[in-house]
$ cat structure_20.cif   # mmCIF, N, CA and C atoms
data_coords
#
loop_
_atom_site.group_PDB
_atom_site.id
_atom_site.type_symbol
_atom_site.label_atom_id
_atom_site.label_comp_id
_atom_site.auth_asym_id
_atom_site.auth_seq_id
_atom_site.Cartn_x
_atom_site.Cartn_y
_atom_site.Cartn_z
ATOM 1 N N MET A 676 84.270 116.614 106.667
ATOM 2 C CA MET A 676 84.895 117.541 107.575
ATOM 3 C C MET A 676 85.767 118.503 106.765
ATOM 4 N N ARG A 677 85.739 119.764 107.118
ATOM 5 C CA ARG A 677 86.559 120.781 106.459
ATOM 6 C C ARG A 677 87.860 120.937 107.256
ATOM 7 N N VAL A 678 88.984 120.723 106.591
ATOM 8 C CA VAL A 678 90.291 120.721 107.253
ATOM 9 C C VAL A 678 91.188 121.774 106.612
ATOM 10 N N PRO A 679 91.814 122.636 107.413
ATOM 11 C CA PRO A 679 92.754 123.608 106.842
ATOM 12 C C PRO A 679 94.026 122.925 106.349
ATOM 13 N N ILE A 680 94.671 123.547 105.364
ATOM 14 C CA ILE A 680 95.928 123.022 104.829
ATOM 15 C C ILE A 680 97.006 124.090 104.898
ATOM 16 N N ASP A 681 98.239 123.637 104.978
ATOM 17 C CA ASP A 681 99.403 124.515 104.874
ATOM 18 C C ASP A 681 99.943 124.394 103.458
ATOM 19 N N ILE A 682 100.285 125.542 102.860
ATOM 20 C CA ILE A 682 100.801 125.556 101.492
ATOM 21 C C ILE A 682 102.141 126.275 101.489
ATOM 22 N N SER A 683 103.150 125.643 100.906
ATOM 23 C CA SER A 683 104.441 126.309 100.762
ATOM 24 C C SER A 683 104.919 126.163 99.317
ATOM 25 N N GLU A 684 105.480 127.237 98.805
ATOM 26 C CA GLU A 684 106.049 127.213 97.455
ATOM 27 C C GLU A 684 107.482 126.716 97.544
ATOM 28 N N GLU A 685 107.810 125.740 96.715
ATOM 29 C CA GLU A 685 109.143 125.134 96.703
ATOM 30 C C GLU A 685 109.551 124.862 95.266
ATOM 31 N N ASP A 686 110.851 124.696 95.052
ATOM 32 C CA ASP A 686 111.343 124.210 93.770
ATOM 33 C C ASP A 686 111.355 122.689 93.848
ATOM 34 N N LEU A 687 110.593 122.050 92.967
ATOM 35 C CA LEU A 687 110.473 120.590 92.974
ATOM 36 C C LEU A 687 111.311 119.990 91.856
ATOM 37 N N ASP A 688 111.747 118.772 92.043
ATOM 38 C CA ASP A 688 112.519 118.068 91.017
ATOM 39 C C ASP A 688 111.580 117.537 89.944
ATOM 40 N N GLY A 689 111.754 118.036 88.722
ATOM 41 C CA GLY A 689 110.986 117.551 87.584
ATOM 42 C C GLY A 689 111.855 116.669 86.708
ATOM 43 N N ASP A 690 111.314 116.219 85.602
ATOM 44 C CA ASP A 690 112.064 115.355 84.688
ATOM 45 C C ASP A 690 113.257 116.074 84.065
ATOM 46 N N TYR A 691 113.155 117.383 83.897
ATOM 47 C CA TYR A 691 114.211 118.142 83.214
ATOM 48 C C TYR A 691 114.779 119.261 84.085
ATOM 49 N N GLY A 692 114.874 119.020 85.374
ATOM 50 C CA GLY A 692 115.414 120.017 86.292
ATOM 51 C C GLY A 692 114.369 120.453 87.304
ATOM 52 N N THR A 693 114.656 121.542 87.975
ATOM 53 C CA THR A 693 113.741 122.020 89.000
ATOM 54 C C THR A 693 112.580 122.794 88.379
ATOM 55 N N VAL A 694 111.432 122.676 89.026
ATOM 56 C CA VAL A 694 110.189 123.291 88.563
ATOM 57 C C VAL A 694 109.515 123.928 89.769
ATOM 58 N N PRO A 695 108.956 125.139 89.606
ATOM 59 C CA PRO A 695 108.226 125.722 90.736
ATOM 60 C C PRO A 695 106.981 124.888 91.050
ATOM 61 N N GLY A 696 106.711 124.713 92.329
ATOM 62 C CA GLY A 696 105.559 123.913 92.712
ATOM 63 C C GLY A 696 105.122 124.215 94.129
ATOM 64 N N LEU A 697 104.176 123.424 94.596
ATOM 65 C CA LEU A 697 103.610 123.600 95.929
ATOM 66 C C LEU A 697 103.746 122.301 96.719
ATOM 67 N N ILE A 698 103.974 122.452 98.007
ATOM 68 C CA ILE A 698 103.867 121.337 98.933
ATOM 69 C C ILE A 698 102.662 121.660 99.808
ATOM 70 N N ILE A 699 101.666 120.779 99.759
ATOM 71 C CA ILE A 699 100.411 121.001 100.469
ATOM 72 C C ILE A 699 100.312 119.961 101.575
ATOM 73 N N THR A 700 100.102 120.438 102.814
ATOM 74 C CA THR A 700 100.121 119.566 103.984
ATOM 75 C C THR A 700 98.814 119.673 104.750
ATOM 76 N N CYS A 701 98.245 118.535 105.098
ATOM 77 C CA CYS A 701 97.035 118.477 105.919
ATOM 78 C C CYS A 701 97.409 118.835 107.360
ATOM 79 N N THR A 702 96.680 119.772 107.963
ATOM 80 C CA THR A 702 96.991 120.169 109.340
ATOM 81 C C THR A 702 96.481 119.155 110.354
ATOM 82 N N ARG A 703 95.652 118.241 109.908
ATOM 83 C CA ARG A 703 95.094 117.229 110.816
ATOM 84 C C ARG A 703 96.054 116.051 111.015
ATOM 85 N N CYS A 704 96.570 115.481 109.905
ATOM 86 C CA CYS A 704 97.428 114.287 110.024
ATOM 87 C C CYS A 704 98.864 114.538 109.564
ATOM 88 N N ARG A 705 99.144 115.736 109.018
ATOM 89 C CA ARG A 705 100.469 116.140 108.549
ATOM 90 C C ARG A 705 100.921 115.404 107.283
ATOM 91 N N HIS A 706 100.020 114.704 106.598
ATOM 92 C CA HIS A 706 100.354 114.089 105.306
ATOM 93 C C HIS A 706 100.526 115.219 104.288
ATOM 94 N N SER A 707 101.504 115.086 103.397
ATOM 95 C CA SER A 707 101.725 116.140 102.411
ATOM 96 C C SER A 707 101.872 115.549 101.014
ATOM 97 N N VAL A 708 101.572 116.392 100.025
ATOM 98 C CA VAL A 708 101.722 116.024 98.621
ATOM 99 C C VAL A 708 102.462 117.153 97.911
ATOM 100 N N GLU A 709 103.143 116.801 96.831
ATOM 101 C CA GLU A 709 103.825 117.775 95.991
ATOM 102 C C GLU A 709 103.076 117.885 94.672
ATOM 103 N N VAL A 710 102.919 119.113 94.188
ATOM 104 C CA VAL A 710 102.233 119.330 92.924
ATOM 105 C C VAL A 710 102.985 120.416 92.153
ATOM 106 N N PHE A 711 103.160 120.190 90.850
ATOM 107 C CA PHE A 711 103.854 121.160 90.012
ATOM 108 C C PHE A 711 102.948 122.355 89.729
ATOM 109 N N GLY A 712 103.551 123.536 89.651
ATOM 110 C CA GLY A 712 102.814 124.765 89.385
ATOM 111 C C GLY A 712 102.460 125.478 90.673
ATOM 112 N N THR A 713 102.192 126.772 90.553
ATOM 113 C CA THR A 713 101.870 127.579 91.728
ATOM 114 C C THR A 713 100.535 128.315 91.567
ATOM 115 N N GLU A 714 99.768 127.946 90.564
ATOM 116 C CA GLU A 714 98.483 128.596 90.293
ATOM 117 C C GLU A 714 97.384 128.020 91.199
ATOM 118 N N ASP A 715 96.199 128.645 91.156
ATOM 119 C CA ASP A 715 95.058 128.142 91.921
ATOM 120 C C ASP A 715 94.709 126.711 91.537
ATOM 121 N N ASN A 716 94.813 126.390 90.253
ATOM 122 C CA ASN A 716 94.506 125.023 89.813
ATOM 123 C C ASN A 716 95.453 124.004 90.437
ATOM 124 N N SER A 717 96.699 124.395 90.645
ATOM 125 C CA SER A 717 97.659 123.502 91.289
ATOM 126 C C SER A 717 97.268 123.251 92.735
ATOM 127 N N MET A 718 96.799 124.298 93.411
ATOM 128 C CA MET A 718 96.359 124.160 94.799
ATOM 129 C C MET A 718 95.138 123.228 94.874
ATOM 130 N N LYS A 719 94.209 123.399 93.938
ATOM 131 C CA LYS A 719 93.024 122.535 93.908
ATOM 132 C C LYS A 719 93.413 121.086 93.640
ATOM 133 N N ARG A 720 94.351 120.890 92.722
ATOM 134 C CA ARG A 720 94.839 119.541 92.410
ATOM 135 C C ARG A 720 95.457 118.899 93.651
ATOM 136 N N GLY A 721 96.230 119.668 94.395
ATOM 137 C CA GLY A 721 96.842 119.155 95.616
ATOM 138 C C GLY A 721 95.804 118.767 96.665
ATOM 139 N N ALA A 722 94.737 119.554 96.782
ATOM 140 C CA ALA A 722 93.674 119.234 97.736
ATOM 141 C C ALA A 722 92.983 117.918 97.356
ATOM 142 N N VAL A 723 92.772 117.714 96.065
ATOM 143 C CA VAL A 723 92.170 116.458 95.597
ATOM 144 C C VAL A 723 93.110 115.291 95.881
ATOM 145 N N MET A 724 94.406 115.498 95.652
ATOM 146 C CA MET A 724 95.384 114.443 95.923
ATOM 147 C C MET A 724 95.403 114.085 97.413
ATOM 148 N N LEU A 725 95.330 115.110 98.284
ATOM 149 C CA LEU A 725 95.298 114.845 99.723
ATOM 150 C C LEU A 725 94.089 113.992 100.085
ATOM 151 N N ARG A 726 92.947 114.335 99.509
ATOM 152 C CA ARG A 726 91.731 113.574 99.802
ATOM 153 C C ARG A 726 91.880 112.125 99.345
ATOM 154 N N ASP A 727 92.444 111.917 98.152
ATOM 155 C CA ASP A 727 92.613 110.562 97.611
ATOM 156 C C ASP A 727 93.636 109.742 98.402
ATOM 157 N N GLU A 728 94.663 110.413 98.909
ATOM 158 C CA GLU A 728 95.777 109.716 99.569
ATOM 159 C C GLU A 728 95.713 109.729 101.088
ATOM 160 N N CYS A 729 94.621 110.191 101.670
ATOM 161 C CA CYS A 729 94.534 110.336 103.130
ATOM 162 C C CYS A 729 94.905 109.035 103.837
ATOM 163 N N PRO A 730 95.930 109.056 104.698
ATOM 164 C CA PRO A 730 96.341 107.829 105.387
ATOM 165 C C PRO A 730 95.317 107.367 106.422
ATOM 166 N N LEU A 731 94.383 108.246 106.802
ATOM 167 C CA LEU A 731 93.347 107.883 107.771
ATOM 168 C C LEU A 731 92.055 107.456 107.085
ATOM 169 N N ASP A 732 92.072 107.368 105.743
ATOM 170 C CA ASP A 732 90.900 107.003 104.934
ATOM 171 C C ASP A 732 89.698 107.906 105.193
ATOM 172 N N GLU A 733 89.953 109.189 105.401
ATOM 173 C CA GLU A 733 88.880 110.165 105.589
ATOM 174 C C GLU A 733 88.585 110.852 104.267
ATOM 175 N N ASP A 734 87.361 111.314 104.113
ATOM 176 C CA ASP A 734 86.958 112.068 102.918
ATOM 177 C C ASP A 734 86.800 113.540 103.302
ATOM 178 N N ASN A 735 87.922 114.180 103.582
ATOM 179 C CA ASN A 735 87.913 115.575 104.019
ATOM 180 C C ASN A 735 87.816 116.535 102.850
ATOM 181 N N PHE A 736 87.349 117.730 103.146
ATOM 182 C CA PHE A 736 87.422 118.858 102.229
ATOM 183 C C PHE A 736 88.480 119.789 102.792
ATOM 184 N N TYR A 737 89.388 120.242 101.922
ATOM 185 C CA TYR A 737 90.528 121.022 102.392
ATOM 186 C C TYR A 737 90.372 122.484 102.011
ATOM 187 N N ALA A 738 90.674 123.357 102.963
ATOM 188 C CA ALA A 738 90.537 124.800 102.755
ATOM 189 C C ALA A 738 91.886 125.471 102.985
ATOM 190 N N ALA A 739 92.248 126.341 102.057
ATOM 191 C CA ALA A 739 93.523 127.062 102.179
ATOM 192 C C ALA A 739 93.387 128.191 103.181
#
$ encode --input "structure_20.cif" --output "structure tokens"
Amino acid sequence: MRVPIDISEEDLDGDYGTVPGLIITCTRCRHSVEVFGTEDNSMKRGAVMLRDECPLDEDNFYAA
């Protein structure tokens, strides 16, 4: 199933202070993940993390 995601840019806590990053949220179950960086690769990484961590055990594909 293809599921839309919400993406917001936030300052995340890193090991050495704040780091720009993304909070990516599934619009279906509202589960969210944090990923460092704001590039396209960071968004893709977050989508993979959402799929791996889905609390409903679904194998969704996420679209921005």
$ select_by_dssp --input "structure_20.cif" --residues "chain A" --states "helix (DSSP H, G or I)" --output "list in words"
Asp715, Asn716, Ser717, Met718, Lys719, Arg720, Gly721, Ala722, Val723, Met724, Leu725, Arg726, Asp727 and Glu728 of chain A
$ residues_near_point --input "structure_20.cif" --point "(105.8, 132.0, 89.0)" --cutoff "8 Å" --atoms "only N, CA and C atoms" --output "ChimeraX atom specification"
/A:695,712-714
$ select_by_dssp --input "structure_20.cif" --residues "chain A" --states "strand (DSSP E or B)" --output "PyMOL selection string"
chain A and resi 677-689+692-701+707-711+736-738
$ resolve_selection --input "structure_20.cif" --expression "the PyMOL selection byres ((chain A and resi 678-684) around 5)" --output "list in words"
Met676, Arg677, Glu685, Asp686, Gly696, Leu697, Ile698, Ile699, Thr700, Cys701, Thr702, Phe736, Tyr737, Ala738 and Ala739 of chain A
$ closest_residue --input "structure_20.cif" --among "A:Val694, A:Val710, A:Cys704, A:Met718" --to "Asn735 of chain A" --atoms "only C-alpha atoms"
A:Cys704
$ atom_distance --input "structure_20.cif" --atom1 "atom C of Met724 of chain A" --atom2 "atom C of Arg705 of chain A"
11.4 Å
$ residues_near_point --input "structure_20.cif" --point "(100.5, 111.8, 100.4)" --cutoff "6.5 Å" --atoms "only N, CA and C atoms" --output "PyMOL selection string"
chain A and resi 706-708+724-725+728-729
$ axis_aligned_box --input "structure_20.cif" --around "segment 709-727 of chain A" --padding-each-side "4 Å" --output "lines of an AutoDock Vina configuration file"
center_x = 97.8
center_y = 119.2
center_z = 94.7
size_x = 20.1
size_y = 26.9
size_z = 18.7
$ atom_distance --input "structure_20.cif" --atom1 "atom CA of Gly692 of chain A" --atom2 "atom CA of Lys719 of chain A"
23.8 Å
$ atom_distance --input "structure_20.cif" --atom1 "atom C of Pro730 of chain A" --atom2 "atom N of Gly689 of chain A"
26.4 Å
